[in-house]
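coords.cif follows (mmCIF, C-alpha atoms):
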data_model
#
loop_
_atom_site.label_atom_id
_atom_site.label_comp_id
_atom_site.auth_asym_id
_atom_site.auth_seq_id
_atom_site.Cartn_x
_atom_site.Cartn_y
_atom_site.Cartn_z
CA MET A 126 84.79 -14.84 90.07
CA PHE A 127 84.32 -12.40 92.95
CA SER A 128 84.58 -13.70 96.49
CA THR A 129 81.79 -13.07 98.99
CA LYS A 130 84.02 -10.54 100.77
CA SER A 131 84.62 -8.65 97.50
CA ALA A 132 80.92 -8.58 96.77
CA VAL A 133 80.17 -7.13 100.19
CA ILE A 134 82.81 -4.41 99.69
CA ILE A 135 81.41 -3.50 96.25
CA SER A 136 77.88 -3.44 97.59
CA THR A 137 78.89 -1.21 100.50
CA CYS A 138 80.70 1.20 98.18
CA SER A 139 77.70 1.36 95.87
CA VAL A 140 75.40 2.23 98.76
CA GLY A 141 77.83 4.91 99.91
CA VAL A 142 78.09 6.47 96.46
CA GLY A 143 74.32 6.35 96.09
CA PHE A 144 73.90 8.10 99.44
CA LEU A 145 76.35 10.85 98.45
CA ILE A 146 74.62 11.36 95.10
CA GLY A 147 71.27 11.53 96.87
CA CYS A 148 72.58 14.13 99.32
CA ARG A 149 74.02 16.21 96.50
CA GLN A 150 70.75 16.02 94.55
CA GLN A 151 68.83 17.14 97.61
CA LYS A 152 71.21 20.07 97.97
CA VAL A 153 70.66 21.03 94.32
CA ASN A 154 66.90 20.78 94.77
CA ASP A 155 67.05 22.92 97.89
CA GLU A 156 69.05 25.56 96.02
CA LEU A 157 66.64 25.81 93.09
CA LYS A 158 65.08 29.25 92.89
CA LEU A 159 62.81 30.97 90.40
CA ASN A 160 64.62 32.45 87.51
CA THR A 161 64.10 35.90 85.77
CA ASN A 162 66.23 36.63 82.69
CA CYS A 163 64.51 33.91 80.66
CA PHE A 164 61.08 33.88 82.27
CA GLY A 165 60.49 37.11 84.15
CA TYR A 166 61.31 35.99 87.66
CA GLU A 167 64.36 35.73 89.93
CA ASN A 168 67.74 34.07 89.65
CA ALA A 169 68.49 33.78 85.92
CA ARG A 170 72.13 33.03 86.64
CA HIS A 171 71.26 29.39 87.40
CA TYR A 172 69.83 27.94 84.16
CA VAL A 173 71.42 28.93 80.88
CA PHE A 174 70.15 28.77 77.30
CA PRO A 175 72.62 28.43 74.43
CA THR A 176 73.47 31.85 73.02
CA ALA A 177 71.96 32.74 69.66
CA SER A 178 74.36 33.79 66.93
CA ALA A 179 74.15 37.22 65.36
CA LYS A 180 73.46 35.75 61.93
CA SER A 181 70.90 33.01 62.40
CA SER A 182 69.38 31.28 59.42
CA LEU A 183 65.62 31.58 59.30
CA SER A 184 65.20 29.36 56.26
CA PRO A 185 63.43 25.99 56.55
CA HIS A 186 65.68 23.08 57.56
CA SER A 187 65.86 19.89 55.54
CA HIS A 188 65.00 16.50 57.01
CA ASN A 189 64.86 12.96 55.65
CA PRO A 190 61.74 13.12 53.45
CA GLU A 191 61.11 9.38 53.46
CA LEU A 192 60.61 8.83 57.19
CA GLN A 193 57.16 9.76 58.34
CA PRO A 194 55.03 8.32 61.12
CA ASN A 195 52.19 5.85 60.74
CA ILE A 196 48.91 5.54 62.61
CA ASN A 197 48.69 2.14 64.26
CA ALA A 198 47.16 2.13 67.72
CA LYS A 199 48.43 -1.31 68.70
CA SER A 200 51.90 -1.21 67.20
CA PRO A 201 53.09 2.28 66.17
CA THR A 202 55.76 2.17 63.45
CA LEU A 203 57.50 4.25 60.80
CA ILE A 204 56.28 3.96 57.24
CA ASP A 205 56.86 5.52 53.84
CA LYS A 206 55.96 9.18 53.34
CA ARG A 207 53.39 8.31 50.64
CA GLN A 208 51.32 6.28 53.08
CA VAL A 209 51.08 9.15 55.54
CA LYS A 210 49.41 11.39 52.99
CA SER A 211 46.48 8.99 52.86
CA ASN A 212 45.66 9.16 56.57
CA ASN A 213 44.70 11.86 59.07
CA LYS A 214 48.30 12.49 60.10
CA ALA A 215 48.92 14.58 57.01
CA GLU A 216 47.55 17.69 58.72
CA THR A 217 49.60 17.05 61.87
CA VAL A 218 52.89 16.94 59.95
CA LYS A 219 51.85 19.60 57.42
CA TYR A 220 54.35 22.18 58.68
CA GLY A 221 57.16 19.75 59.50
CA ILE A 222 58.19 17.64 62.46
CA PRO A 223 61.06 18.48 64.84
CA SER A 224 63.18 15.35 64.29
CA TYR A 225 63.00 11.76 63.01
CA GLU A 226 64.39 9.84 65.97
CA ASN A 227 62.19 6.94 67.15
CA VAL A 228 59.02 8.51 65.76
CA ARG A 229 55.71 6.86 66.63
CA SER A 230 52.24 7.76 65.38
CA TYR A 231 49.13 7.26 67.50
CA GLU A 232 45.47 7.92 66.81
CA ASP A 233 45.63 11.67 67.39
CA PHE A 234 49.26 12.64 68.08
CA ILE A 235 52.81 11.86 67.02
CA LEU A 236 55.86 11.58 69.24
CA SER A 237 59.60 11.06 69.12
CA TYR A 238 60.86 8.86 71.96
CA ASP A 239 64.06 9.19 73.97
CA LYS A 240 64.91 5.61 74.94
CA ARG A 241 67.73 6.66 77.27
CA ASN A 242 65.61 9.05 79.35
CA ARG A 243 62.39 6.96 79.07
CA THR A 244 60.24 9.88 77.98
CA ALA A 245 59.47 11.69 74.73
CA ASN A 246 61.78 14.09 72.93
CA TRP A 247 58.66 15.84 71.65
CA VAL A 248 54.94 15.27 71.08
CA LEU A 249 53.09 16.88 68.16
CA GLU A 250 49.32 17.53 68.12
CA HIS A 251 46.85 19.07 65.70
CA LEU A 252 43.85 20.69 67.39
CA THR A 253 40.65 22.13 65.93
CA PRO A 254 37.52 23.68 67.45
CA GLY A 255 35.65 20.43 66.88
CA LYS A 256 38.23 18.33 68.69
CA VAL A 257 38.55 20.39 71.86
CA ASP A 258 34.78 20.91 72.20
CA ARG A 259 34.01 17.20 72.17
CA SER A 260 33.52 15.40 75.46
CA ASN A 261 32.62 11.86 74.48
CA VAL A 262 35.01 10.22 76.93
CA ASP A 263 35.25 10.29 80.72
CA ARG A 264 38.83 10.76 81.94
CA ALA A 265 37.99 8.72 85.06
CA GLN A 266 37.95 5.62 82.84
CA MET A 267 41.62 6.05 81.92
CA LYS A 268 44.67 4.31 83.38
CA PHE A 269 48.36 5.01 82.86
CA MET A 270 49.98 2.17 80.91
CA GLU A 271 53.42 1.16 79.67
CA ASP A 272 54.00 1.70 75.97
CA GLU A 273 54.73 -1.81 74.78
CA SER A 274 55.87 -0.60 71.37
CA PHE A 275 59.24 0.08 73.05
CA HIS A 276 61.61 -2.52 74.44
CA VAL A 277 61.15 -3.29 78.13
CA PHE A 278 64.68 -1.98 78.80
CA HIS A 279 63.77 1.46 77.48
CA ARG A 280 60.34 2.26 78.84
CA ALA A 281 58.94 3.70 82.05
CA THR A 282 56.55 1.83 84.34
CA ASN A 283 53.99 3.02 86.84
CA GLN A 284 56.22 1.63 89.59
CA ASP A 285 58.91 4.15 88.63
CA PHE A 286 56.59 6.98 89.67
CA GLN A 287 55.35 5.45 92.92
CA GLY A 288 56.77 7.29 95.90
CA SER A 289 58.84 9.59 93.66
CA GLY A 290 56.99 12.76 94.64
CA TYR A 291 56.32 13.54 90.95
CA ASP A 292 53.11 13.50 88.92
CA ARG A 293 52.81 11.55 85.70
CA GLY A 294 52.57 14.69 83.60
CA HIS A 295 51.00 14.54 80.15
CA LEU A 296 52.84 16.04 77.19
CA ALA A 297 49.88 15.72 74.82
CA ALA A 298 47.13 16.76 77.23
CA ALA A 299 44.35 14.21 77.78
CA ALA A 300 41.66 16.90 77.50
CA ASN A 301 42.86 17.70 73.97
CA HIS A 302 41.77 14.24 72.77
CA ARG A 303 38.27 13.56 73.99
CA GLN A 304 36.78 12.63 70.63
CA SER A 305 37.24 8.88 71.18
CA PHE A 306 38.16 6.43 73.91
CA ALA A 307 41.27 5.27 72.01
CA ALA A 308 42.48 8.81 71.38
CA MET A 309 42.36 9.75 75.05
CA ALA A 310 43.60 6.36 76.27
CA GLN A 311 46.77 6.71 74.21
CA THR A 312 47.61 9.97 75.96
CA PHE A 313 47.92 7.86 79.13
CA LEU A 314 50.72 5.77 77.63
CA LEU A 315 53.87 6.47 79.65
CA SER A 316 55.73 7.40 76.46
CA ASN A 317 53.55 10.55 76.51
CA VAL A 318 54.36 11.21 80.16
CA ALA A 319 57.23 12.85 82.04
CA PRO A 320 57.85 13.38 85.76
CA GLN A 321 56.43 16.76 86.73
CA VAL A 322 56.25 18.63 90.02
CA GLY A 323 52.60 18.34 91.05
CA GLU A 324 51.38 21.24 93.14
CA GLY A 325 52.31 24.58 91.61
CA PHE A 326 53.26 23.10 88.25
CA ASN A 327 51.42 20.16 86.67
CA ARG A 328 48.19 20.91 88.51
CA ASP A 329 48.54 24.69 88.26
CA ALA A 330 50.86 26.64 85.92
CA TRP A 331 51.24 23.87 83.32
CA ASN A 332 47.52 23.11 83.47
CA ASN A 333 46.79 26.79 82.89
CA LEU A 334 48.94 26.72 79.77
CA GLU A 335 47.08 23.66 78.48
CA LYS A 336 43.73 25.37 79.09
CA TYR A 337 44.98 28.48 77.29
CA ILE A 338 45.93 26.40 74.25
CA ARG A 339 42.48 24.80 74.15
CA ALA A 340 40.95 28.27 74.31
CA LEU A 341 43.08 29.25 71.31
CA ALA A 342 41.98 26.09 69.50
CA ARG A 343 38.32 27.08 69.92
CA LYS A 344 38.99 30.43 68.23
CA ASN A 345 41.29 29.32 65.38
CA LYS A 346 40.90 27.07 62.38
CA ASN A 347 43.98 25.01 63.21
CA VAL A 348 46.35 24.86 66.16
CA HIS A 349 49.54 22.81 65.98
CA VAL A 350 51.21 22.16 69.35
CA CYS A 351 54.64 20.67 69.99
CA THR A 352 55.54 19.83 73.59
CA GLY A 353 58.63 18.34 75.18
CA PRO A 354 61.19 18.27 77.98
CA LEU A 355 64.38 20.27 78.34
CA TYR A 356 67.51 19.48 80.34
CA LEU A 357 69.16 22.86 80.70
CA PRO A 358 72.67 23.49 82.00
CA ARG A 359 72.95 25.19 85.35
CA LEU A 360 75.65 27.61 86.44
CA GLU A 361 77.23 26.31 89.64
CA PRO A 362 79.13 28.34 92.28
CA ASN A 363 82.47 27.26 90.76
CA GLY A 364 81.57 29.19 87.61
CA LYS A 365 81.09 26.07 85.46
CA LEU A 366 77.97 24.83 83.68
CA TYR A 367 76.56 21.40 84.47
CA VAL A 368 73.53 19.53 83.18
CA LYS A 369 72.05 17.93 86.29
CA TYR A 370 68.71 16.21 86.64
CA GLU A 371 67.15 13.62 88.88
CA VAL A 372 66.15 10.13 87.75
CA ILE A 373 63.39 8.11 89.38
CA GLY A 374 62.51 4.44 89.71
CA THR A 375 64.41 1.32 88.78
CA ASN A 376 64.31 2.37 85.13
CA HIS A 377 65.92 5.75 85.90
CA VAL A 378 63.22 7.87 84.27
CA ALA A 379 64.69 11.35 83.74
CA VAL A 380 63.11 14.34 85.49
CA PRO A 381 63.34 17.31 83.07
CA THR A 382 64.52 20.65 84.41
CA HIS A 383 62.07 22.48 82.11
CA PHE A 384 59.29 21.88 79.59
CA PHE A 385 58.47 23.70 76.35
CA LYS A 386 55.40 24.22 74.21
CA VAL A 387 55.62 25.68 70.71
CA ILE A 388 52.28 26.62 69.15
CA LEU A 389 51.40 27.49 65.56
CA LEU A 390 48.01 29.18 65.20
CA GLU A 391 46.17 29.44 61.88
CA ASN A 392 43.01 31.55 61.79
CA ASN A 393 40.16 31.48 59.27
CA LYS A 394 42.00 34.02 57.09
CA GLU A 395 44.98 31.61 56.86
CA GLU A 396 47.06 34.06 58.93
CA LYS A 397 49.63 32.36 61.12
CA GLU A 398 50.98 33.18 64.56
CA LEU A 399 53.74 31.50 66.58
CA LEU A 400 54.01 31.23 70.37
CA SER A 401 56.86 29.53 72.25
CA PHE A 402 56.81 28.90 76.00
CA VAL A 403 59.28 27.43 78.50
CA MET A 404 58.43 26.62 82.12
CA PRO A 405 60.82 25.31 84.76
CA ASN A 406 59.72 22.03 86.33
CA GLU A 407 59.14 23.40 89.80
CA ARG A 408 56.47 25.08 91.86
CA LEU A 409 55.78 28.39 90.16
CA PRO A 410 54.26 31.67 91.32
CA ASP A 411 50.88 32.70 89.99
CA ILE A 412 52.07 34.98 87.19
CA LYS A 413 50.81 35.63 83.68
CA LEU A 414 51.58 33.06 81.00
CA LYS A 415 53.16 35.74 78.80
CA ASN A 416 56.05 35.85 81.27
CA TYR A 417 57.04 32.35 80.11
CA LEU A 418 57.35 33.31 76.45
CA VAL A 419 60.90 32.83 75.12
CA PRO A 420 62.45 33.21 71.64
CA LEU A 421 61.88 30.11 69.52
CA GLU A 422 65.56 29.92 68.62
CA THR A 423 66.54 29.43 72.25
CA ILE A 424 64.31 26.36 72.49
CA GLU A 425 65.66 24.99 69.21
CA ARG A 426 69.25 25.39 70.38
CA ALA A 427 68.55 23.89 73.79
CA SER A 428 66.56 20.93 72.47
CA GLY A 429 68.39 20.18 69.22
CA LEU A 430 65.06 20.39 67.38
CA HIS A 431 63.46 22.56 64.69
CA PHE A 432 59.81 23.55 64.89
CA PHE A 433 57.38 24.11 62.01
CA ASP A 434 60.30 24.68 59.68
CA LYS A 435 58.20 24.44 56.53
CA VAL A 436 56.87 27.90 57.36
CA PRO A 437 59.37 30.74 56.80
CA LYS A 438 59.38 33.13 59.75
CA CYS A 439 58.40 36.02 57.50
CA ASN A 440 55.09 34.23 56.83
CA PHE A 441 53.97 34.64 60.43
CA LYS A 442 51.79 37.62 61.24
CA ARG A 443 53.01 37.59 64.84
CA ILE A 444 55.69 35.77 66.81
CA ASN A 445 55.24 35.73 70.57
CA THR A 446 52.54 38.43 70.20
CA VAL A 447 54.94 40.81 68.37
CA LYS A 448 53.93 41.77 64.84
CA VAL A 449 56.37 40.53 62.20
CA THR A 450 57.43 43.20 59.71
CA GLU A 451 58.88 42.65 56.24
CA ASN A 452 62.19 44.22 57.20
CA ALA A 453 62.66 42.74 60.68
CA VAL A 454 61.95 39.07 61.20
CA THR A 455 62.67 38.00 64.75
CA ALA A 456 62.77 34.53 66.28
CA GLY A 457 61.11 35.63 69.48
#
If you convert what's in this file into structure tokens, what do you get?
Amino acid sequence: MFSTKSAVIISTCSVGVGFLIGCRQQKVNDELKLNTNCFGYENARHYVFPTASAKSSLSPHSHNPELQPNINAKSPTLIDKRQVKSNNKAETVKYGIPSYENVRSYEDFILSYDKRNRTANWVLEHLTPGKVDRSNVDRAQMKFMEDESFHVFHRATNQDFQGSGYDRGHLAAAANHRQSFAAMAQTFLLSNVAPQVGEGFNRDAWNNLEKYIRALARKNKNVHVCTGPLYLPRLEPNGKLYVKYEVIGTNHVAVPTHFFKVILLENNKEEKELLSFVMPNERLPDIKLKNYLVPLETIERASGLHFFDKVPKCNFKRINTVKVTENAVTAG
């Protein structure tokens, strides 16, 4: 058993280490600058995407066919694939889901949860003109809540965000799910939330992207949206790459360095288009959304996920606004 003196020494050392880490994190935050090679603004040398190989497979990837998510508002679970086909999640998973780790199904979206980082790996939504035009629910009635379907050790709380300087940023946007009280309320579960810079990002650039997606949903038969965090390596002055990100609160909720959205559009002629965006989690300049388009393969490599892999790339009419030809299928 430790003596009182030993305990004091350990406590003092812990405080000292914590102070040094805090100072280093502040230095990193102060050094963050906007980045151009990936997104069309300055300083691309800092954050680095994995390099795509010259011969990348564009064929659909195989996943475990038996694991599919279930709709259960009170206690989300995984159930057999056959049961999914009988509920309204069939359309959401129609073109595949990115992974099968800790998948939960809610009334109007599906997510995969990262228990270590206390936020989602990804959130998948299916939007239609009817859904985004409904306004049956007042957002002012909503409150952020813990997701009790996850163990208390592995979930974020509202206290984690208090005083952190970060917004509780939605992954599945609340305004996408206004058709019922339950549908919108579930977007306020903290499993669907990640720490986001407020002014200049969550309330501005990211919000503009969400509005753009709803505008697309009003004009297309179906819009499938997959959203999630990224933790990208950063090139430091010593020439080495490090993955560094802040954690907040007593539960150490991870603060992503970036966020992605991958969108599959399907118009009334059944023609499909793919858009893939990445935004750094920081205050951003007021520039066009197209400047945040990145090749899909870079997001897949950085996230360890595959998006809409039941649709061969050659079946898309356009990818990131570029027309897909029979002889040249590109991932971006």
Convert the output of the PyMOL selection byres ((chain A and resi 337-348) around 9) on the shown file into explicit residues, formatted as a list in words.
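Output from the PyMOL selection byres ((chain A and resi 337-348) around 9), applied to this file: Glu250, His251, Leu252, Thr253, Pro254, Gly255, Lys256, Val257, Asp258, Ala300, Asn301, Asn332, Asn333, Leu334, Glu335, Lys336, His349, Val350, Ile388, Leu389, Leu390, Glu391, Asn392, Asn393, Lys394, Glu395 and Leu414 of chain A.
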Which is closest to Asp292 of chain A among A:Ser230, A:Gln321, A:Asn261, A:Ser237, if we use all atoms listed in the file?
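Of the candidates, the smallest distance to Asp292 of chain A is held by A:Gln321.
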Box in all listed atoms of segment 418-421 of chain A, axis-aligned, with 8 Å more on each side; write out centre and edge lengths in Å to one decimal as JSON.
{"center_x": 59.9, "center_y": 31.7, "center_z": 73.0, "size_x": 21.1, "size_y": 19.2, "size_z": 22.9}
When you draw a straight line from atom CA of Ala298 of chain A to atom CA of Lys448 of chain A, how long is it in Å?
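Calculated distance between atom CA of Ala298 of chain A and atom CA of Lys448 of chain A is 28.7 Å.
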Can you list what the PyMOL selection byres ((chain A and resi 360) around 8) grabs from this structure, as a VMD selection string?
chain A and resid 170 to 173 358 to 359 361 to 362 364 to 367
Between atom CA of Gly288 of chain A and atom CA of Gly323 of chain A, what is the spacing in Å?
12.8 Å
Scan for residues within 7 Å of the point (58.6, 23.9, 86.0) in the coordinates of the file, using all atoms listed in the file, and reply as a JSON list (two decimals) with C-alpha atoms, keeping the file's coordinate frame.
[["chain", "number", "residue", "atom", "x", "y", "z"],
["A", 326, "PHE", "CA", 53.26, 23.10, 88.25],
["A", 382, "THR", "CA", 64.52, 20.65, 84.41],
["A", 383, "HIS", "CA", 62.07, 22.48, 82.11],
["A", 384, "PHE", "CA", 59.29, 21.88, 79.59],
["A", 404, "MET", "CA", 58.43, 26.62, 82.12],
["A", 405, "PRO", "CA", 60.82, 25.31, 84.76],
["A", 406, "ASN", "CA", 59.72, 22.03, 86.33],
["A", 407, "GLU", "CA", 59.14, 23.40, 89.80],
["A", 408, "ARG", "CA", 56.47, 25.08, 91.86],
["A", 409, "LEU", "CA", 55.78, 28.39, 90.16]]
Go ahead and find all residues with at least one atom no further than 10 Å from (52.3, 33.1, 66.5) in the file's coordinates, using only C-alpha atoms; report them as number ranges by chain.
A: 387-391, 396-401, 438, 441-449, 457
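Near segment 306-312 of chain A, within 10 Å and counting all atoms listed in the file, sit Ala198, Lys199, Tyr231, Glu232, Asp233, Phe234, Asn261, Val262, Asp263, Arg264, Gln266, Met267, Lys268, Phe269, Met270, Asp272, His295, Leu296, Ala297, Ala298, Ala299, Ala300, Asn301, Asn317 and Val318 of chain A; same-chain residues fewer than 5 positions away were not included.
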For the selection you just gave me, I'd like the residues written to a file as a tab-separated table (two decimals), in the frame of the given file, keeping C-alpha atoms.
chain	number	residue	atom	x	y	z
A	198	ALA	CA	47.16	2.13	67.72
A	199	LYS	CA	48.43	-1.31	68.70
A	231	TYR	CA	49.13	7.26	67.50
A	232	GLU	CA	45.47	7.92	66.81
A	233	ASP	CA	45.63	11.67	67.39
A	234	PHE	CA	49.26	12.64	68.08
A	261	ASN	CA	32.62	11.86	74.48
A	262	VAL	CA	35.01	10.22	76.93
A	263	ASP	CA	35.25	10.29	80.72
A	264	ARG	CA	38.83	10.76	81.94
A	266	GLN	CA	37.95	5.62	82.84
A	267	MET	CA	41.62	6.05	81.92
A	268	LYS	CA	44.67	4.31	83.38
A	269	PHE	CA	48.36	5.01	82.86
A	270	MET	CA	49.98	2.17	80.91
A	272	ASP	CA	54.00	1.70	75.97
A	295	HIS	CA	51.00	14.54	80.15
A	296	LEU	CA	52.84	16.04	77.19
A	297	ALA	CA	49.88	15.72	74.82
A	298	ALA	CA	47.13	16.76	77.23
A	299	ALA	CA	44.35	14.21	77.78
A	300	ALA	CA	41.66	16.90	77.50
A	301	ASN	CA	42.86	17.70	73.97
A	317	ASN	CA	53.55	10.55	76.51
A	318	VAL	CA	54.36	11.21	80.16
Expansion of the PyMOL selection byres ((chain A and resi 435) around 6) into residues, as a VMD selection string
chain A and resid 185 220 to 221 433 to 434 436
For a test of reading the model, state the distance in Å between atom CA of Phe432 of chain A and atom CA of Thr217 of chain A, rounded to one decimal.
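One can read the atom CA of Phe432 of chain A to atom CA of Thr217 of chain A distance as 12.5 Å.
In this comparison, which uses all atoms listed in the file, the residue of A:Leu421, A:Val403, A:Val378, A:Ala319 approaching His279 of chain A most closely is A:Val378.
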Residue contacts of Val372 of chain A (10 Å, only C-alpha atoms) excluding same-chain residues fewer than 2 positions away, as a JSON list (two decimals) with C-alpha atoms, in the coordinates of the input:
[["chain", "number", "residue", "atom", "x", "y", "z"],
["A", 242, "ASN", "CA", 65.61, 9.05, 79.35],
["A", 243, "ARG", "CA", 62.39, 6.96, 79.07],
["A", 285, "ASP", "CA", 58.91, 4.15, 88.63],
["A", 289, "SER", "CA", 58.84, 9.59, 93.66],
["A", 320, "PRO", "CA", 57.85, 13.38, 85.76],
["A", 369, "LYS", "CA", 72.05, 17.93, 86.29],
["A", 370, "TYR", "CA", 68.71, 16.21, 86.64],
["A", 374, "GLY", "CA", 62.51, 4.44, 89.71],
["A", 375, "THR", "CA", 64.41, 1.32, 88.78],
["A", 376, "ASN", "CA", 64.31, 2.37, 85.13],
["A", 377, "HIS", "CA", 65.92, 5.75, 85.90],
["A", 378, "VAL", "CA", 63.22, 7.87, 84.27],
["A", 379, "ALA", "CA", 64.69, 11.35, 83.74],
["A", 380, "VAL", "CA", 63.11, 14.34, 85.49],
["A", 381, "PRO", "CA", 63.34, 17.31, 83.07]]
Best match for closeness to Arg303 of chain A among A:Glu324, A:Ala215, A:Gly290, A:Ser260, counting all atoms listed in the file
A:Ser260
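Across A:Arg293, A:Arg259, A:Lys386, A:Arg426, the tightest approach to Cys351 of chain A is made by A:Lys386 when counting only C-alpha atoms.
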